[in-house]
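The next block is run-v2.cif, given as mmCIF, C-alpha atoms.
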data_query
loop_
_atom_site.group_PDB
_atom_site.id
_atom_site.type_symbol
_atom_site.label_atom_id
_atom_site.label_comp_id
_atom_site.auth_asym_id
_atom_site.auth_seq_id
_atom_site.Cartn_x
_atom_site.Cartn_y
_atom_site.Cartn_z
ATOM 1 C CA MET A 1 26.413 1.692 -1.129
ATOM 2 C CA ALA A 2 24.967 4.437 1.049
ATOM 3 C CA ARG A 3 24.228 7.965 -0.165
ATOM 4 C CA VAL A 4 24.998 10.336 2.711
ATOM 5 C CA GLU A 5 23.960 13.992 2.887
ATOM 6 C CA GLY A 6 24.651 16.199 5.870
ATOM 7 C CA GLY A 7 25.907 13.243 7.872
ATOM 8 C CA LYS A 8 22.666 11.304 7.391
ATOM 9 C CA VAL A 9 22.066 8.264 5.189
ATOM 10 C CA ARG A 10 19.451 9.264 2.610
ATOM 11 C CA SER A 11 19.340 6.072 0.559
ATOM 12 C CA VAL A 12 21.083 2.766 0.049
ATOM 13 C CA ARG A 13 21.850 1.086 -3.276
ATOM 14 C CA PHE A 14 22.510 -2.615 -3.709
ATOM 15 C CA ARG A 15 23.638 -4.730 -6.634
ATOM 16 C CA ASN A 16 21.372 -7.731 -7.022
ATOM 17 C CA VAL A 17 21.907 -11.296 -8.210
ATOM 18 C CA PRO A 18 21.685 -11.787 -12.002
ATOM 19 C CA SER A 19 18.106 -11.222 -13.193
ATOM 20 C CA PHE A 20 16.562 -12.820 -16.254
ATOM 21 C CA VAL A 21 13.361 -13.316 -18.220
ATOM 22 C CA TRP A 22 11.833 -16.756 -17.722
ATOM 23 C CA ALA A 23 8.927 -16.428 -20.188
ATOM 24 C CA GLU A 24 6.958 -13.746 -22.006
ATOM 25 C CA GLY A 25 3.309 -13.731 -23.035
ATOM 26 C CA VAL A 26 2.227 -16.711 -20.945
ATOM 27 C CA GLU A 27 -1.517 -17.266 -20.471
ATOM 28 C CA ALA A 28 -2.708 -17.067 -16.843
ATOM 29 C CA ALA A 29 -6.097 -16.121 -15.401
ATOM 30 C CA GLY A 30 -7.240 -15.007 -18.848
ATOM 31 C CA ARG A 31 -4.329 -12.556 -19.177
ATOM 32 C CA ARG A 32 -0.986 -12.514 -20.947
ATOM 33 C CA VAL A 33 1.783 -12.253 -18.363
ATOM 34 C CA ASP A 34 5.562 -12.175 -18.351
ATOM 35 C CA VAL A 35 7.659 -14.075 -15.818
ATOM 36 C CA ALA A 36 11.099 -12.912 -14.713
ATOM 37 C CA PHE A 37 13.578 -13.652 -11.943
ATOM 38 C CA GLY A 38 15.082 -10.883 -9.824
ATOM 39 C CA GLY A 39 15.994 -12.811 -6.687
ATOM 40 C CA ALA A 40 12.646 -14.625 -6.806
ATOM 41 C CA PHE A 41 10.230 -15.353 -9.651
ATOM 42 C CA TYR A 42 7.576 -12.747 -10.419
ATOM 43 C CA ALA A 43 4.720 -12.684 -12.879
ATOM 44 C CA SER A 44 4.237 -9.220 -14.341
ATOM 45 C CA LEU A 45 1.274 -7.623 -16.103
ATOM 46 C CA GLU A 46 -0.059 -4.183 -16.849
ATOM 47 C CA GLU A 47 -3.128 -3.127 -14.833
ATOM 48 C CA ARG A 48 -4.494 0.012 -13.177
ATOM 49 C CA VAL A 49 -2.605 0.448 -9.886
ATOM 50 C CA GLU A 50 -4.859 2.426 -7.577
ATOM 51 C CA PRO A 51 -5.853 1.775 -3.952
ATOM 52 C CA ARG A 52 -9.526 1.236 -4.900
ATOM 53 C CA GLU A 53 -8.407 -1.557 -7.272
ATOM 54 C CA LEU A 54 -6.561 -3.466 -4.559
ATOM 55 C CA PRO A 55 -9.218 -6.109 -3.731
ATOM 56 C CA ARG A 56 -9.521 -6.969 -7.437
ATOM 57 C CA LEU A 57 -5.726 -7.054 -7.869
ATOM 58 C CA ILE A 58 -5.283 -9.348 -4.869
ATOM 59 C CA GLU A 59 -7.785 -11.835 -6.290
ATOM 60 C CA LEU A 60 -6.272 -11.573 -9.762
ATOM 61 C CA GLY A 61 -2.785 -12.058 -8.280
ATOM 62 C CA ARG A 62 -3.911 -15.248 -6.552
ATOM 63 C CA ALA A 63 -5.438 -16.539 -9.795
ATOM 64 C CA VAL A 64 -2.356 -15.697 -11.884
ATOM 65 C CA LYS A 65 -0.033 -17.410 -9.407
ATOM 66 C CA ARG A 66 -2.294 -20.472 -9.199
ATOM 67 C CA ASP A 67 -2.530 -20.817 -12.994
ATOM 68 C CA LEU A 68 1.200 -20.386 -13.562
ATOM 69 C CA GLU A 69 2.148 -22.888 -10.893
ATOM 70 C CA SER A 70 -0.355 -25.460 -12.164
ATOM 71 C CA ALA A 71 0.995 -25.081 -15.731
ATOM 72 C CA GLY A 72 4.412 -26.439 -14.812
ATOM 73 C CA PRO A 73 7.481 -25.875 -12.675
ATOM 74 C CA VAL A 74 9.235 -22.532 -12.567
ATOM 75 C CA VAL A 75 12.702 -23.323 -11.221
ATOM 76 C CA HIS A 76 15.961 -21.390 -11.245
ATOM 77 C CA PRO A 77 18.304 -23.318 -13.570
ATOM 78 C CA GLY A 78 21.299 -22.975 -11.265
ATOM 79 C CA GLU A 79 19.626 -23.010 -7.850
ATOM 80 C CA PRO A 80 16.720 -25.475 -7.750
ATOM 81 C CA GLU A 81 15.679 -24.367 -4.265
ATOM 82 C CA LEU A 82 14.523 -21.089 -5.881
ATOM 83 C CA ALA A 83 11.278 -22.307 -7.360
ATOM 84 C CA GLY A 84 7.692 -21.183 -7.819
ATOM 85 C CA ILE A 85 6.062 -17.824 -8.406
ATOM 86 C CA TYR A 86 6.834 -15.650 -5.395
ATOM 87 C CA GLY A 87 4.696 -12.694 -6.399
ATOM 88 C CA VAL A 88 2.614 -11.012 -9.062
ATOM 89 C CA ILE A 89 3.557 -7.468 -10.057
ATOM 90 C CA PHE A 90 0.817 -5.242 -11.445
ATOM 91 C CA TRP A 91 2.237 -2.134 -13.076
ATOM 92 C CA GLN A 92 1.094 0.972 -14.884
ATOM 93 C CA ALA A 93 3.053 3.549 -16.835
ATOM 94 C CA GLU A 94 3.341 7.021 -15.339
ATOM 95 C CA PRO A 95 4.058 10.189 -17.328
ATOM 96 C CA GLY A 96 7.359 12.018 -17.385
ATOM 97 C CA ALA A 97 11.032 11.252 -17.437
ATOM 98 C CA PRO A 98 12.854 9.194 -16.419
ATOM 99 C CA LEU A 99 10.839 6.088 -17.283
ATOM 100 C CA THR A 100 8.375 5.759 -14.409
ATOM 101 C CA GLN A 101 6.070 2.917 -13.453
ATOM 102 C CA ARG A 102 3.736 2.496 -10.499
ATOM 103 C CA ASN A 103 3.340 -1.033 -9.203
ATOM 104 C CA VAL A 104 1.858 -3.189 -6.526
ATOM 105 C CA THR A 105 3.281 -6.619 -5.752
ATOM 106 C CA VAL A 106 0.894 -9.265 -4.452
ATOM 107 C CA PHE A 107 2.747 -12.148 -2.820
ATOM 108 C CA ALA A 108 2.159 -15.185 -0.567
ATOM 109 C CA ASP A 109 -1.606 -15.636 -0.260
ATOM 110 C CA GLY A 110 -2.707 -12.109 -1.093
ATOM 111 C CA GLU A 111 -0.215 -10.073 0.921
ATOM 112 C CA VAL A 112 0.644 -6.641 -0.498
ATOM 113 C CA ASP A 113 4.112 -5.081 -0.535
ATOM 114 C CA ARG A 114 4.041 -1.449 0.614
ATOM 115 C CA SER A 115 7.392 -0.872 -1.071
ATOM 116 C CA PRO A 116 8.069 -1.016 -4.810
ATOM 117 C CA CYS A 117 9.639 -4.458 -4.081
ATOM 118 C CA GLY A 118 13.415 -4.667 -4.521
ATOM 119 C CA SER A 119 13.664 -8.107 -6.120
ATOM 120 C CA GLY A 120 10.504 -7.336 -8.086
ATOM 121 C CA THR A 121 12.145 -4.149 -9.371
ATOM 122 C CA SER A 122 15.049 -6.273 -10.621
ATOM 123 C CA ALA A 123 12.589 -8.620 -12.358
ATOM 124 C CA ARG A 124 10.909 -5.619 -14.026
ATOM 125 C CA LEU A 125 14.341 -4.329 -15.122
ATOM 126 C CA ALA A 126 15.154 -7.688 -16.741
ATOM 127 C CA LEU A 127 11.903 -7.487 -18.727
ATOM 128 C CA LEU A 128 12.384 -3.829 -19.712
ATOM 129 C CA ASP A 129 15.925 -4.606 -20.875
ATOM 130 C CA ALA A 130 14.825 -7.645 -22.913
ATOM 131 C CA GLN A 131 12.027 -5.609 -24.518
ATOM 132 C CA GLY A 132 14.405 -2.756 -25.383
ATOM 133 C CA THR A 133 12.275 -0.314 -23.377
ATOM 134 C CA LEU A 134 14.963 0.890 -20.961
ATOM 135 C CA PRO A 135 18.533 1.506 -22.175
ATOM 136 C CA ARG A 136 21.226 0.093 -19.926
ATOM 137 C CA GLY A 137 22.399 2.562 -17.309
ATOM 138 C CA GLU A 138 19.199 4.615 -17.543
ATOM 139 C CA PRO A 139 16.983 4.810 -14.431
ATOM 140 C CA LEU A 140 13.600 3.262 -13.836
ATOM 141 C CA ARG A 141 11.648 5.266 -11.280
ATOM 142 C CA HIS A 142 9.595 2.553 -9.608
ATOM 143 C CA LEU A 143 6.736 3.729 -7.391
ATOM 144 C CA SER A 144 4.620 1.633 -5.048
ATOM 145 C CA ILE A 145 0.865 1.819 -4.590
ATOM 146 C CA VAL A 146 1.433 4.046 -1.524
ATOM 147 C CA GLY A 147 3.971 6.308 -3.240
ATOM 148 C CA SER A 148 7.245 4.962 -1.854
ATOM 149 C CA GLU A 149 9.980 4.916 -4.481
ATOM 150 C CA PHE A 150 12.944 2.899 -5.672
ATOM 151 C CA THR A 151 15.291 3.753 -8.508
ATOM 152 C CA GLY A 152 16.589 0.813 -10.493
ATOM 153 C CA ARG A 153 18.900 0.402 -13.461
ATOM 154 C CA VAL A 154 20.567 -2.310 -15.469
ATOM 155 C CA VAL A 155 24.321 -1.927 -15.000
ATOM 156 C CA GLY A 156 25.675 -4.929 -16.865
ATOM 157 C CA ALA A 157 25.187 -8.225 -18.639
ATOM 158 C CA ALA A 158 25.374 -11.687 -17.110
ATOM 159 C CA GLU A 159 24.491 -15.277 -17.861
ATOM 160 C CA VAL A 160 22.591 -17.845 -15.812
ATOM 161 C CA ALA A 161 23.003 -21.447 -16.988
ATOM 162 C CA GLY A 162 23.299 -20.331 -20.615
ATOM 163 C CA ARG A 163 20.400 -17.887 -20.333
ATOM 164 C CA ALA A 164 20.981 -14.166 -20.963
ATOM 165 C CA ALA A 165 20.691 -12.176 -17.749
ATOM 166 C CA VAL A 166 21.362 -8.672 -16.455
ATOM 167 C CA VAL A 167 23.005 -7.170 -13.405
ATOM 168 C CA THR A 168 20.765 -4.636 -11.690
ATOM 169 C CA GLU A 169 21.113 -2.037 -8.993
ATOM 170 C CA VAL A 170 18.199 -0.866 -6.852
ATOM 171 C CA GLU A 171 18.252 2.217 -4.631
ATOM 172 C CA GLY A 172 15.769 3.218 -1.966
ATOM 173 C CA SER A 173 15.366 4.432 1.568
ATOM 174 C CA ALA A 174 13.848 3.158 4.779
ATOM 175 C CA TYR A 175 13.295 4.556 8.231
ATOM 176 C CA ARG A 176 14.005 3.145 11.643
ATOM 177 C CA THR A 177 10.835 1.975 13.356
ATOM 178 C CA GLY A 178 12.194 0.344 16.477
ATOM 179 C CA ARG A 179 15.130 -0.969 18.423
ATOM 180 C CA ALA A 180 15.575 -4.340 20.102
ATOM 181 C CA SER A 181 18.193 -5.757 22.398
ATOM 182 C CA PHE A 182 18.861 -9.407 23.065
ATOM 183 C CA GLU A 183 20.246 -10.646 26.331
ATOM 184 C CA LEU A 184 21.779 -13.887 27.540
ATOM 185 C CA ASP A 185 20.439 -14.841 30.942
ATOM 186 C CA PRO A 186 23.297 -16.500 32.863
ATOM 187 C CA ASP A 187 20.800 -19.014 34.333
ATOM 188 C CA ASP A 188 19.528 -20.170 30.924
ATOM 189 C CA PRO A 189 20.921 -23.686 30.363
ATOM 190 C CA LEU A 190 20.309 -23.390 26.580
ATOM 191 C CA GLY A 191 21.351 -19.760 26.257
ATOM 192 C CA THR A 192 24.526 -20.483 24.329
ATOM 193 C CA GLY A 193 22.807 -22.995 22.053
ATOM 194 C CA PHE A 194 22.670 -26.762 21.828
ATOM 195 C CA LEU A 195 23.743 -29.537 19.511
ATOM 196 C CA LEU A 196 21.718 -32.633 18.592
ATOM 197 C CA ARG A 197 23.651 -35.657 17.356
#
Write-out of the structure in structure tokens:
Amino acid sequence: MARVEGGKVRSVRFRNVPSFVWAEGVEAAGRRVDVAFGGAFYASLEERVEPRELPRLIELGRAVKRDLESAGPVVHPGEPELAGIYGVIFWQAEPGAPLTQRNVTVFADGEVDRSPCGSGTSARLALLDAQGTLPRGEPLRHLSIVGSEFTGRVVGAAEVAGRAAVVTEVEGSAYRTGRASFELDPDDPLGTGFLLR
């Protein structure tokens, strides 16, 4: 759903797939971490989220992911192709209302998400709901390490293969950075595609 003001889209909100807690308090890289699914699996732990901490967080993220994946499979119970730890979310509490957290998500082999991470926000919401920290319907103001912002909330209950889950909504904005056009050259013999049998 788009929020429009003065004829211009200011933000877009989407309802995500059911999100759920996979495990809480798991040992990884000498830390206690929580694992939740919000479209992908994320490990989550509280750390200082500041730009000067980024090299340390990247290395810690790699270690957490490595330890979790070597401990055993993390696989979606209804969709086995969704497996493994996609990212590690480091978060810190911020003052004020509504509930606000700053995070940085380290994914792949040390890549850093400049956004607050949409599926990661849903994973955080599943954890906050399970811990009783965020009442359903109330907003989580989720900030990234560079200050971009998403607003997330739990809007309902769900179930995934007998496991309690939540329905989340995440709202944020983005800005156009380019435009591309694709053309079909009439002389291209493969331009309309091909079929191998």
>> When the PyMOL selection byres ((chain A and resi 78) around 12) is applied to the structure above, which residues does it catch, written out as a list in words?
In response: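 Expected selection for the PyMOL selection byres ((chain A and resi 78) around 12) here is Pro18, Val75, His76, Pro77, Glu79, Pro80, Glu81, Leu82, Ala83, Glu159, Val160, Ala161, Gly162 and Arg163 of chain A.
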>> Show me, as a list in words, the residues that have an atom within 7 Å of region 164-168 of chain A when counting only C-alpha atoms, minus same-chain residues fewer than 4 positions from it.
In response: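 With the cut-off at 7 Å, the set is Arg15, Asn16, Val17, Pro18, Ser19, Phe20, Ser122, Ala126, Gly152, Arg153, Val154, Val155, Gly156, Ala157, Ala158, Glu159 and Val160 of chain A.
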Could those residues be written to a file, using C-alpha atoms, as a PDB file, keeping the file's coordinate frame?
ATOM      1  CA  ARG A  15      23.638  -4.730  -6.634  1.00  0.00           C
ATOM      2  CA  ASN A  16      21.372  -7.731  -7.022  1.00  0.00           C
ATOM      3  CA  VAL A  17      21.907 -11.296  -8.210  1.00  0.00           C
ATOM      4  CA  PRO A  18      21.685 -11.787 -12.002  1.00  0.00           C
ATOM      5  CA  SER A  19      18.106 -11.222 -13.193  1.00  0.00           C
ATOM      6  CA  PHE A  20      16.562 -12.820 -16.254  1.00  0.00           C
ATOM      7  CA  SER A 122      15.049  -6.273 -10.621  1.00  0.00           C
ATOM      8  CA  ALA A 126      15.154  -7.688 -16.741  1.00  0.00           C
ATOM      9  CA  GLY A 152      16.589   0.813 -10.493  1.00  0.00           C
ATOM     10  CA  ARG A 153      18.900   0.402 -13.461  1.00  0.00           C
ATOM     11  CA  VAL A 154      20.567  -2.310 -15.469  1.00  0.00           C
ATOM     12  CA  VAL A 155      24.321  -1.927 -15.000  1.00  0.00           C
ATOM     13  CA  GLY A 156      25.675  -4.929 -16.865  1.00  0.00           C
ATOM     14  CA  ALA A 157      25.187  -8.225 -18.639  1.00  0.00           C
ATOM     15  CA  ALA A 158      25.374 -11.687 -17.110  1.00  0.00           C
ATOM     16  CA  GLU A 159      24.491 -15.277 -17.861  1.00  0.00           C
ATOM     17  CA  VAL A 160      22.591 -17.845 -15.812  1.00  0.00           C
TER      18      VAL A 160
END
>> One decimal, in Å: what's the spacing between CA of Gly38 (chain A) and CA of Gly87 (chain A)?
In response: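 A separation of 11.1 Å between them.
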>> Taking only C-alpha atoms into account, name the residue in A:Gly25, A:Gly147, A:Gly178, A:Gly72 that is nearest to Asp113 (chain A).
In response: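 Answer, going by the shortest atom-to-atom distance: A:Gly147.
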Result set of the PyMOL selection byres ((chain A and resi 42) around 10) on the coordinates above, as a compact mmCIF listing (two decimals) with C-alpha atoms, keeping the file's coordinate frame:
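And here's result.txt as it stands now:
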# COMPACT_ATOMS: atom_id res chain seq x y z
CA VAL A 21 13.36 -13.32 -18.22
CA TRP A 22 11.83 -16.76 -17.72
CA VAL A 33 1.78 -12.25 -18.36
CA ASP A 34 5.56 -12.18 -18.35
CA VAL A 35 7.66 -14.08 -15.82
CA ALA A 36 11.10 -12.91 -14.71
CA PHE A 37 13.58 -13.65 -11.94
CA GLY A 38 15.08 -10.88 -9.82
CA GLY A 39 15.99 -12.81 -6.69
CA ALA A 40 12.65 -14.62 -6.81
CA PHE A 41 10.23 -15.35 -9.65
CA ALA A 43 4.72 -12.68 -12.88
CA SER A 44 4.24 -9.22 -14.34
CA LEU A 45 1.27 -7.62 -16.10
CA LYS A 65 -0.03 -17.41 -9.41
CA GLY A 84 7.69 -21.18 -7.82
CA ILE A 85 6.06 -17.82 -8.41
CA TYR A 86 6.83 -15.65 -5.40
CA GLY A 87 4.70 -12.69 -6.40
CA VAL A 88 2.61 -11.01 -9.06
CA ILE A 89 3.56 -7.47 -10.06
CA THR A 105 3.28 -6.62 -5.75
CA VAL A 106 0.89 -9.26 -4.45
CA PHE A 107 2.75 -12.15 -2.82
CA SER A 119 13.66 -8.11 -6.12
CA GLY A 120 10.50 -7.34 -8.09
CA THR A 121 12.14 -4.15 -9.37
CA SER A 122 15.05 -6.27 -10.62
CA ALA A 123 12.59 -8.62 -12.36
CA ARG A 124 10.91 -5.62 -14.03
> In terms of the shortest atom-to-atom distance over all atoms listed in the file, which of A:Glu50, A:Glu59, A:Glu27, A:Glu94 is closest to Ala71 (chain A)?
Replying inline: A:Glu27
Please, what is the axis-aligned box for every listed atom of region 190-196 of chain A with 8 Å on each side, as centre and edge lengths in Å to one decimal, as AutoDock Vina command-line options?
--center_x 22.4 --center_y -26.2 --center_z 22.6 --size_x 20.2 --size_y 28.9 --size_z 24.0
>> So the first atom is CA of Val9 (chain A) and the second is CA of Gly96 (chain A); what is the distance between them in Å, to one decimal place?
In response: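 Straight-line distance from CA of Val9 (chain A) to CA of Gly96 (chain A) works out to 27.2 Å.
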>> Just to confirm, what's the straight-line distance from CA of Gly7 (chain A) to CA of Thr100 (chain A) in Å (one decimal)?
In response: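 Going from CA of Gly7 (chain A) over to CA of Thr100 (chain A), I get 29.3 Å.
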>> Please return as a list in words every residue within 10 Å of (-6.4, -14.8, -18.9), taking into account all atoms listed in the file and the file's own coordinates.
In response: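 It turns out the residues near that spot are Val26, Glu27, Ala28, Ala29, Gly30, Arg31, Arg32, Val33, Leu60, Ala63, Val64 and Asp67 of chain A.
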> When distances are computed from all atoms listed in the file, which of A:Cys117, A:Leu99, A:Val146, A:Leu68 shows the smallest separation from Leu134 (chain A)?
Replying inline: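 Residue with the minimum atom-to-atom distance to Leu134 (chain A): A:Leu99.
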Would you kindly return, as a JSON list (two decimals) with C-alpha atoms, in the coordinates of the input, each protein, DNA or RNA residue with an atom no farther than 7 Å from any atom of Val49 (chain A), considering all atoms listed in the file and excluding same-chain residues fewer than 5 positions away?
[["chain", "number", "residue", "atom", "x", "y", "z"],
["A", 90, "PHE", "CA", 0.82, -5.24, -11.44],
["A", 91, "TRP", "CA", 2.24, -2.13, -13.08],
["A", 92, "GLN", "CA", 1.09, 0.97, -14.88],
["A", 102, "ARG", "CA", 3.74, 2.50, -10.50],
["A", 103, "ASN", "CA", 3.34, -1.03, -9.20],
["A", 104, "VAL", "CA", 1.86, -3.19, -6.53],
["A", 145, "ILE", "CA", 0.86, 1.82, -4.59]]
>> as a PyMOL selection string, please: the residues near Ala174 (chain A) (cut-off 10 Å, all atoms listed in the file, same-chain neighbours under 3 positions excluded).
In response: chain A and resi 9-12+115+148+177
> Hey, which of A:Arg66, A:Met1, A:Pro51, A:Lys8 ends up closest to Tyr175 (chain A)? Count all atoms listed in the file.
Replying inline: A:Lys8
